[in-house]
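> Got a structure for you, questions after.
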Amino acid sequence: MKTLWLTCFACGLLGLGGCGGLSVERYRAEQPALDLARYFSGTIDGWGMFQDRSGAVIKRFHVVIEAHWEVRDGVDVGTLDENFSWSDGTTSRRVWTITRVDASRYVGRADDVVGEARGEAAGNALRWRYVLALPIDGRVWHVDFDDWMFLIDDRVMLNRSEMKKFGLHLGQVTLSFTRR
């Protein structure tokens, strides 16, 4: 009986982990079309919150992003310098370097991102996936992020990120960006 339960549990975890969900292609016809280099250029403000798996709001934050793009060796490369102010009075910073691979795909790096982030855009949407090294209670956890960003108009973008570890839902981040 114990072996049967363990087998069912393992299959359930594999099933959950395999739920990749929607493809960004679903949004190809949606307008306004998201041009990452155009939107993330200049100063952008963001307001957001982290909710744990029960839905309780654990932390709120404001982020100011200074962003610019340049062409390096014929390739578009963006720098997003993010400065966070958290509801508990702490601050943090993340600097992204984002490279356009082709018309719809991007890769990105930041000091607390494990390996390379991968993004794909279509229509008004961007799906951005990466592993973040998060310090929690004196330890560093590698947490899978599945970010979905949706351009609402020229100034506003909404972002929802699901956080997982070993395929299990840990929480989510909800964020609203506004270009200055």
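Every chain in the structure tokens has a letter given in the order shown (A, B, ...), and although residue numbers restart at 1 in each chain, ligands are simply numbered from 1 in the order shown.
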Taking only residues of segment 126-170 of chain A that have an atom at most 12 Å from an atom of segment 98-114 of chain A, what is each one's shortest atom pair and its distance in Å to one decimal, using only C-alpha atoms, in chain and number order, as a tab-separated table?

```
residue	atom	partner	partner_atom	distance
A:Leu126	CA	A:Ser104	CA	8.9
A:Arg127	CA	A:Arg105	CA	9.6
A:Trp128	CA	A:Tyr106	CA	8.6
A:Arg129	CA	A:Val107	CA	9.5
A:Tyr130	CA	A:Val113	CA	6.9
A:Val131	CA	A:Val114	CA	5.3
A:Leu132	CA	A:Val113	CA	4.6
A:Ala133	CA	A:Asp112	CA	5.3
A:Leu134	CA	A:Asp112	CA	7.5
A:Pro135	CA	A:Asp112	CA	9.7
A:Val140	CA	A:Asp112	CA	10.1
A:Trp141	CA	A:Val114	CA	10.6
A:His142	CA	A:Val114	CA	7.6
A:Val143	CA	A:Val114	CA	9.3
A:Asp144	CA	A:Val114	CA	9.7
A:Phe145	CA	A:Val113	CA	10.1
```
> Please produce, as a Markdown table, a per-residue contact table for segment 55-126 of chain A versus segment 21-31 of chain A (criterion: any atom at most 12 Å away, only C-alpha atoms considered), showing the nearest atom pair and its distance in Å to one decimal, sorted by chain then residue number.

```
| residue | atom | partner | partner_atom | distance |
| --- | --- | --- | --- | --- |
| A:Ser104 | CA | A:Val24 | CA | 10.1 |
| A:Arg105 | CA | A:Val24 | CA | 10.9 |
| A:Gly119 | CA | A:Val24 | CA | 9.7 |
| A:Glu120 | CA | A:Val24 | CA | 6.9 |
| A:Ala121 | CA | A:Val24 | CA | 6.6 |
| A:Ala122 | CA | A:Arg28 | CA | 4.5 |
| A:Gly123 | CA | A:Arg28 | CA | 3.9 |
| A:Asn124 | CA | A:Glu30 | CA | 5.5 |
| A:Ala125 | CA | A:Tyr27 | CA | 6.3 |
| A:Leu126 | CA | A:Val24 | CA | 6.8 |
```
> Write out, as a PDB file, in the first residue's frame, the residues just selected, with all heavy atoms.

```
ATOM      1  N   SER A 104      11.294  37.525 -31.778  1.00  0.00           N
ATOM      2  CA  SER A 104      10.389  37.222 -30.664  1.00  0.00           C
ATOM      3  C   SER A 104      11.066  36.593 -29.445  1.00  0.00           C
ATOM      4  O   SER A 104      10.413  36.387 -28.434  1.00  0.00           O
ATOM      5  CB  SER A 104       9.267  36.298 -31.147  1.00  0.00           C
ATOM      6  OG  SER A 104       9.808  35.063 -31.578  1.00  0.00           O
ATOM      7  N   ARG A 105      12.356  36.293 -29.515  1.00  0.00           N
ATOM      8  CA  ARG A 105      13.011  35.607 -28.389  1.00  0.00           C
ATOM      9  C   ARG A 105      14.127  36.462 -27.786  1.00  0.00           C
ATOM     10  O   ARG A 105      14.833  37.176 -28.493  1.00  0.00           O
ATOM     11  CB  ARG A 105      13.573  34.264 -28.835  1.00  0.00           C
ATOM     12  CG  ARG A 105      12.480  33.262 -29.191  1.00  0.00           C
ATOM     13  CD  ARG A 105      13.027  31.921 -29.607  1.00  0.00           C
ATOM     14  NE  ARG A 105      13.989  32.070 -30.694  1.00  0.00           N
ATOM     15  CZ  ARG A 105      15.169  31.437 -30.746  1.00  0.00           C
ATOM     16  NH1 ARG A 105      15.526  30.617 -29.799  1.00  0.00           N
ATOM     17  NH2 ARG A 105      15.974  31.627 -31.769  1.00  0.00           N
ATOM     18  N   GLY A 119      13.112  34.311 -22.717  1.00  0.00           N
ATOM     19  CA  GLY A 119      11.832  34.963 -22.925  1.00  0.00           C
ATOM     20  C   GLY A 119      11.360  34.826 -24.345  1.00  0.00           C
ATOM     21  O   GLY A 119      12.161  34.707 -25.274  1.00  0.00           O
ATOM     22  N   GLU A 120      10.038  34.837 -24.490  1.00  0.00           N
ATOM     23  CA  GLU A 120       9.430  34.787 -25.819  1.00  0.00           C
ATOM     24  C   GLU A 120       8.254  35.746 -25.837  1.00  0.00           C
ATOM     25  O   GLU A 120       7.420  35.738 -24.926  1.00  0.00           O
ATOM     26  CB  GLU A 120       8.958  33.371 -26.133  1.00  0.00           C
ATOM     27  CG  GLU A 120       8.423  33.234 -27.536  1.00  0.00           C
ATOM     28  CD  GLU A 120       8.003  31.812 -27.875  1.00  0.00           C
ATOM     29  OE1 GLU A 120       8.115  30.921 -27.028  1.00  0.00           O
ATOM     30  OE2 GLU A 120       7.551  31.618 -29.018  1.00  0.00           O
ATOM     31  N   ALA A 121       8.199  36.585 -26.867  1.00  0.00           N
ATOM     32  CA  ALA A 121       7.139  37.577 -27.000  1.00  0.00           C
ATOM     33  C   ALA A 121       6.266  37.261 -28.203  1.00  0.00           C
ATOM     34  O   ALA A 121       6.738  36.743 -29.212  1.00  0.00           O
ATOM     35  CB  ALA A 121       7.743  38.970 -27.159  1.00  0.00           C
ATOM     36  N   ALA A 122       4.982  37.577 -28.076  1.00  0.00           N
ATOM     37  CA  ALA A 122       4.031  37.486 -29.191  1.00  0.00           C
ATOM     38  C   ALA A 122       2.873  38.417 -28.873  1.00  0.00           C
ATOM     39  O   ALA A 122       2.358  38.411 -27.748  1.00  0.00           O
ATOM     40  CB  ALA A 122       3.530  36.056 -29.381  1.00  0.00           C
ATOM     41  N   GLY A 123       2.493  39.234 -29.838  1.00  0.00           N
ATOM     42  CA  GLY A 123       1.391  40.176 -29.608  1.00  0.00           C
ATOM     43  C   GLY A 123       1.728  41.110 -28.461  1.00  0.00           C
ATOM     44  O   GLY A 123       2.787  41.735 -28.453  1.00  0.00           O
ATOM     45  N   ASN A 124       0.833  41.190 -27.474  1.00  0.00           N
ATOM     46  CA  ASN A 124       1.056  42.078 -26.335  1.00  0.00           C
ATOM     47  C   ASN A 124       1.690  41.365 -25.140  1.00  0.00           C
ATOM     48  O   ASN A 124       1.772  41.928 -24.052  1.00  0.00           O
ATOM     49  CB  ASN A 124      -0.263  42.720 -25.894  1.00  0.00           C
ATOM     50  CG  ASN A 124      -1.189  41.723 -25.198  1.00  0.00           C
ATOM     51  OD1 ASN A 124      -1.161  40.526 -25.467  1.00  0.00           O
ATOM     52  ND2 ASN A 124      -2.020  42.240 -24.324  1.00  0.00           N
ATOM     53  N   ALA A 125       2.153  40.124 -25.326  1.00  0.00           N
ATOM     54  CA  ALA A 125       2.603  39.306 -24.197  1.00  0.00           C
ATOM     55  C   ALA A 125       4.074  38.926 -24.287  1.00  0.00           C
ATOM     56  O   ALA A 125       4.642  38.782 -25.374  1.00  0.00           O
ATOM     57  CB  ALA A 125       1.763  38.033 -24.120  1.00  0.00           C
ATOM     58  N   LEU A 126       4.664  38.748 -23.110  1.00  0.00           N
ATOM     59  CA  LEU A 126       6.014  38.203 -22.976  1.00  0.00           C
ATOM     60  C   LEU A 126       5.978  37.153 -21.882  1.00  0.00           C
ATOM     61  O   LEU A 126       5.453  37.395 -20.793  1.00  0.00           O
ATOM     62  CB  LEU A 126       7.022  39.291 -22.589  1.00  0.00           C
ATOM     63  CG  LEU A 126       8.425  38.787 -22.229  1.00  0.00           C
ATOM     64  CD1 LEU A 126       9.179  38.352 -23.482  1.00  0.00           C
ATOM     65  CD2 LEU A 126       9.206  39.855 -21.479  1.00  0.00           C
TER      66      LEU A 126
END
```
> Counting only C-alpha atoms, what are the residues of segment 28-125 of chain A within 12 Å of segment 147-169 of chain A, and for each of them which pair of atoms is the nearest and at what distance in Å, to one decimal? Sort the table by chain and rising number, as JSON lines.

```
{"residue": "A:Arg28", "atom": "CA", "partner": "A:Phe150", "partner_atom": "CA", "distance": 11.7}
{"residue": "A:Glu30", "atom": "CA", "partner": "A:Leu151", "partner_atom": "CA", "distance": 9.4}
{"residue": "A:Gln31", "atom": "CA", "partner": "A:Leu151", "partner_atom": "CA", "distance": 8.1}
{"residue": "A:Pro32", "atom": "CA", "partner": "A:Asp153", "partner_atom": "CA", "distance": 6.4}
{"residue": "A:Ala33", "atom": "CA", "partner": "A:Leu151", "partner_atom": "CA", "distance": 7.5}
{"residue": "A:Leu34", "atom": "CA", "partner": "A:Leu151", "partner_atom": "CA", "distance": 6.1}
{"residue": "A:Asp35", "atom": "CA", "partner": "A:Leu151", "partner_atom": "CA", "distance": 9.3}
{"residue": "A:Leu36", "atom": "CA", "partner": "A:Leu151", "partner_atom": "CA", "distance": 9.7}
{"residue": "A:Arg38", "atom": "CA", "partner": "A:Asp154", "partner_atom": "CA", "distance": 9.3}
{"residue": "A:Tyr39", "atom": "CA", "partner": "A:Asp154", "partner_atom": "CA", "distance": 7.3}
{"residue": "A:Phe40", "atom": "CA", "partner": "A:Arg155", "partner_atom": "CA", "distance": 10.1}
{"residue": "A:Ser41", "atom": "CA", "partner": "A:Arg155", "partner_atom": "CA", "distance": 11.1}
{"residue": "A:Gly42", "atom": "CA", "partner": "A:Arg155", "partner_atom": "CA", "distance": 11.5}
{"residue": "A:Thr43", "atom": "CA", "partner": "A:Arg155", "partner_atom": "CA", "distance": 10.9}
{"residue": "A:Ile44", "atom": "CA", "partner": "A:Arg155", "partner_atom": "CA", "distance": 8.8}
{"residue": "A:Asp45", "atom": "CA", "partner": "A:Val156", "partner_atom": "CA", "distance": 9.7}
{"residue": "A:Gly46", "atom": "CA", "partner": "A:Met157", "partner_atom": "CA", "distance": 9.2}
{"residue": "A:Trp47", "atom": "CA", "partner": "A:Leu158", "partner_atom": "CA", "distance": 10.0}
{"residue": "A:Gly48", "atom": "CA", "partner": "A:Asn159", "partner_atom": "CA", "distance": 9.0}
{"residue": "A:Met49", "atom": "CA", "partner": "A:Arg160", "partner_atom": "CA", "distance": 10.0}
{"residue": "A:Phe50", "atom": "CA", "partner": "A:Ser161", "partner_atom": "CA", "distance": 9.3}
{"residue": "A:Gln51", "atom": "CA", "partner": "A:Glu162", "partner_atom": "CA", "distance": 9.9}
{"residue": "A:Asp52", "atom": "CA", "partner": "A:His169", "partner_atom": "CA", "distance": 8.9}
{"residue": "A:Arg53", "atom": "CA", "partner": "A:His169", "partner_atom": "CA", "distance": 6.4}
{"residue": "A:Ser54", "atom": "CA", "partner": "A:His169", "partner_atom": "CA", "distance": 9.9}
{"residue": "A:Gly55", "atom": "CA", "partner": "A:His169", "partner_atom": "CA", "distance": 11.1}
{"residue": "A:Ala117", "atom": "CA", "partner": "A:Asp147", "partner_atom": "CA", "distance": 10.5}
{"residue": "A:Arg118", "atom": "CA", "partner": "A:Asp147", "partner_atom": "CA", "distance": 10.3}
{"residue": "A:Gly119", "atom": "CA", "partner": "A:Asp147", "partner_atom": "CA", "distance": 9.0}
{"residue": "A:Glu120", "atom": "CA", "partner": "A:Trp148", "partner_atom": "CA", "distance": 9.9}
{"residue": "A:Ala121", "atom": "CA", "partner": "A:Met149", "partner_atom": "CA", "distance": 9.2}
{"residue": "A:Ala122", "atom": "CA", "partner": "A:Phe150", "partner_atom": "CA", "distance": 10.0}
{"residue": "A:Gly123", "atom": "CA", "partner": "A:Leu151", "partner_atom": "CA", "distance": 8.9}
{"residue": "A:Asn124", "atom": "CA", "partner": "A:Leu151", "partner_atom": "CA", "distance": 5.1}
{"residue": "A:Ala125", "atom": "CA", "partner": "A:Phe150", "partner_atom": "CA", "distance": 4.6}
```
> Residues of the last selection are to be written out with N, CA, C and O atoms, as a tab-separated table (two decimals), in the first residue's frame.

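File produced: part-v9.tsv:
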```
chain	number	residue	atom	x	y	z
A	28	ARG	N	-0.58	36.25	-30.07
A	28	ARG	CA	0.04	36.86	-31.25
A	28	ARG	C	-0.80	37.99	-31.86
A	28	ARG	O	-0.25	39.00	-32.28
A	30	GLU	N	-2.97	39.93	-30.32
A	30	GLU	CA	-3.36	40.96	-29.35
A	30	GLU	C	-2.57	42.25	-29.55
A	30	GLU	O	-1.39	42.23	-29.88
A	31	GLN	N	-3.26	43.36	-29.34
A	31	GLN	CA	-2.69	44.70	-29.50
A	31	GLN	C	-2.81	45.45	-28.18
A	31	GLN	O	-3.71	45.16	-27.41
A	32	PRO	N	-1.97	46.41	-27.90
A	32	PRO	CA	-0.85	46.85	-28.71
A	32	PRO	C	0.28	45.82	-28.66
A	32	PRO	O	0.47	45.14	-27.64
A	33	ALA	N	1.04	45.72	-29.74
A	33	ALA	CA	2.15	44.77	-29.80
A	33	ALA	C	3.26	45.23	-28.86
A	33	ALA	O	3.58	46.41	-28.80
A	34	LEU	N	3.81	44.29	-28.14
A	34	LEU	CA	4.89	44.58	-27.19
A	34	LEU	C	6.24	44.56	-27.90
A	34	LEU	O	6.62	43.56	-28.49
A	35	ASP	N	6.92	45.69	-27.85
A	35	ASP	CA	8.30	45.80	-28.31
A	35	ASP	C	9.10	46.05	-27.03
A	35	ASP	O	9.02	47.15	-26.46
A	36	LEU	N	9.80	45.05	-26.56
A	36	LEU	CA	10.49	45.13	-25.27
A	36	LEU	C	11.45	46.31	-25.20
A	36	LEU	O	11.49	47.03	-24.20
A	38	ARG	N	11.31	49.09	-26.82
A	38	ARG	CA	10.56	50.36	-26.79
A	38	ARG	C	9.94	50.59	-25.42
A	38	ARG	O	9.99	51.70	-24.89
A	39	TYR	N	9.31	49.54	-24.84
A	39	TYR	CA	8.66	49.73	-23.55
A	39	TYR	C	9.69	49.96	-22.44
A	39	TYR	O	9.56	50.89	-21.66
A	40	PHE	N	10.70	49.09	-22.37
A	40	PHE	CA	11.71	49.23	-21.33
A	40	PHE	C	12.83	50.14	-21.81
A	40	PHE	O	13.95	49.72	-22.06
A	41	SER	N	12.48	51.42	-21.91
A	41	SER	CA	13.43	52.45	-22.30
A	41	SER	C	13.09	53.67	-21.46
A	41	SER	O	11.93	54.11	-21.44
A	42	GLY	N	14.06	54.21	-20.74
A	42	GLY	CA	13.80	55.33	-19.85
A	42	GLY	C	13.51	54.84	-18.45
A	42	GLY	O	14.02	53.81	-18.00
A	43	THR	N	12.66	55.58	-17.73
A	43	THR	CA	12.34	55.26	-16.33
A	43	THR	C	10.96	54.64	-16.25
A	43	THR	O	9.99	55.18	-16.80
A	44	ILE	N	10.89	53.51	-15.56
A	44	ILE	CA	9.63	52.78	-15.36
A	44	ILE	C	9.46	52.58	-13.87
A	44	ILE	O	10.40	52.19	-13.17
A	45	ASP	N	8.25	52.83	-13.36
A	45	ASP	CA	7.91	52.54	-11.96
A	45	ASP	C	7.08	51.27	-11.92
A	45	ASP	O	6.26	51.04	-12.81
A	46	GLY	N	7.29	50.49	-10.88
A	46	GLY	CA	6.50	49.29	-10.68
A	46	GLY	C	6.06	49.18	-9.24
A	46	GLY	O	6.80	49.54	-8.32
A	47	TRP	N	4.83	48.70	-9.04
A	47	TRP	CA	4.31	48.46	-7.71
A	47	TRP	C	3.83	47.02	-7.68
A	47	TRP	O	3.13	46.57	-8.59
A	48	GLY	N	4.22	46.29	-6.63
A	48	GLY	CA	3.85	44.89	-6.61
A	48	GLY	C	3.76	44.31	-5.22
A	48	GLY	O	3.97	45.00	-4.21
A	49	MET	N	3.47	43.01	-5.21
A	49	MET	CA	3.35	42.28	-3.95
A	49	MET	C	3.70	40.81	-4.18
A	49	MET	O	3.55	40.29	-5.29
A	50	PHE	N	4.20	40.20	-3.11
A	50	PHE	CA	4.44	38.76	-3.11
A	50	PHE	C	3.40	38.11	-2.22
A	50	PHE	O	3.19	38.54	-1.09
A	51	GLN	N	2.74	37.08	-2.75
A	51	GLN	CA	1.76	36.31	-1.98
A	51	GLN	C	2.27	34.89	-1.83
A	51	GLN	O	2.81	34.31	-2.78
A	52	ASP	N	2.11	34.32	-0.64
A	52	ASP	CA	2.53	32.93	-0.43
A	52	ASP	C	1.50	31.99	-1.05
A	52	ASP	O	0.51	32.43	-1.64
A	53	ARG	N	1.72	30.69	-0.90
A	53	ARG	CA	0.84	29.72	-1.57
A	53	ARG	C	-0.60	29.77	-1.09
A	53	ARG	O	-1.51	29.36	-1.79
A	54	SER	N	-0.84	30.33	0.11
A	54	SER	CA	-2.22	30.44	0.61
A	54	SER	C	-2.91	31.69	0.09
A	54	SER	O	-4.10	31.86	0.29
A	55	GLY	N	-2.13	32.60	-0.53
A	55	GLY	CA	-2.69	33.85	-1.03
A	55	GLY	C	-2.44	35.03	-0.11
A	55	GLY	O	-2.78	36.16	-0.45
A	117	ALA	N	18.06	33.44	-18.28
A	117	ALA	CA	16.61	33.58	-18.40
A	117	ALA	C	16.26	33.52	-19.88
A	117	ALA	O	17.04	33.94	-20.73
A	118	ARG	N	15.10	32.96	-20.19
A	118	ARG	CA	14.66	32.86	-21.58
A	118	ARG	C	13.26	33.46	-21.70
A	118	ARG	O	12.39	33.17	-20.88
A	119	GLY	N	13.11	34.31	-22.72
A	119	GLY	CA	11.83	34.96	-22.92
A	119	GLY	C	11.36	34.83	-24.34
A	119	GLY	O	12.16	34.71	-25.27
A	120	GLU	N	10.04	34.84	-24.49
A	120	GLU	CA	9.43	34.79	-25.82
A	120	GLU	C	8.25	35.75	-25.84
A	120	GLU	O	7.42	35.74	-24.93
A	121	ALA	N	8.20	36.58	-26.87
A	121	ALA	CA	7.14	37.58	-27.00
A	121	ALA	C	6.27	37.26	-28.20
A	121	ALA	O	6.74	36.74	-29.21
A	122	ALA	N	4.98	37.58	-28.08
A	122	ALA	CA	4.03	37.49	-29.19
A	122	ALA	C	2.87	38.42	-28.87
A	122	ALA	O	2.36	38.41	-27.75
A	123	GLY	N	2.49	39.23	-29.84
A	123	GLY	CA	1.39	40.18	-29.61
A	123	GLY	C	1.73	41.11	-28.46
A	123	GLY	O	2.79	41.73	-28.45
A	124	ASN	N	0.83	41.19	-27.47
A	124	ASN	CA	1.06	42.08	-26.33
A	124	ASN	C	1.69	41.36	-25.14
A	124	ASN	O	1.77	41.93	-24.05
A	125	ALA	N	2.15	40.12	-25.33
A	125	ALA	CA	2.60	39.31	-24.20
A	125	ALA	C	4.07	38.93	-24.29
A	125	ALA	O	4.64	38.78	-25.37
```
> Of the candidates A:Gly138, A:Ala37, A:Arg179, A:Asn83, which shows the shortest atom-to-atom distance to Glu70 of chain A, using only C-alpha atoms?
A:Ala37
> So how many Å separate atom CA of Arg93 of chain A and atom CA of Asp81 of chain A, to one decimal?
7.4 Å
> Have a look at atom CA of Leu80 of chain A and atom CA of His62 of chain A and let me know their distance in Å, one decimal.
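Those two atoms sit 15.1 Å apart.
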> DSSP on the backbone: which residues in segment 46-165 of chain A end up as strand (DSSP E or B)? Give the answer as JSON, numbers by chain.
{"A": [46, 47, 48, 49, 50, 51, 52, 57, 58, 59, 60, 61, 62, 63, 64, 65, 66, 67, 68, 69, 70, 71, 72, 75, 76, 77, 78, 79, 80, 81, 82, 83, 84, 85, 86, 91, 92, 93, 94, 95, 96, 97, 98, 99, 100, 105, 106, 107, 108, 109, 113, 114, 115, 116, 117, 118, 119, 120, 121, 122, 125, 126, 127, 128, 129, 130, 131, 132, 133, 134, 135, 136, 139, 140, 141, 142, 143, 144, 145, 146, 147, 148, 149, 150, 151, 156, 157, 158, 159, 160, 161, 162, 163, 164, 165]}
> Have a look at A:Lys59, A:Gly89, A:Trp96, A:Ser176 and name the one nearest to Val77 of chain A; count only C-alpha atoms.
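Of the candidates, the smallest distance to Val77 of chain A is held by A:Trp96.
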> Can you tell me how far atom CA of Gly171 of chain A sits from atom CA of Gly115 of chain A, in Å to one decimal?
21.7 Å
> I need the residue nearest Ala67 of chain A from this list: A:Ile136, A:Asp146, A:Leu170, A:Arg180. Use only C-alpha atoms for the distance.
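Of A:Ile136, A:Asp146, A:Leu170, A:Arg180, the one nearest Ala67 of chain A, counting only C-alpha atoms, is A:Arg180.
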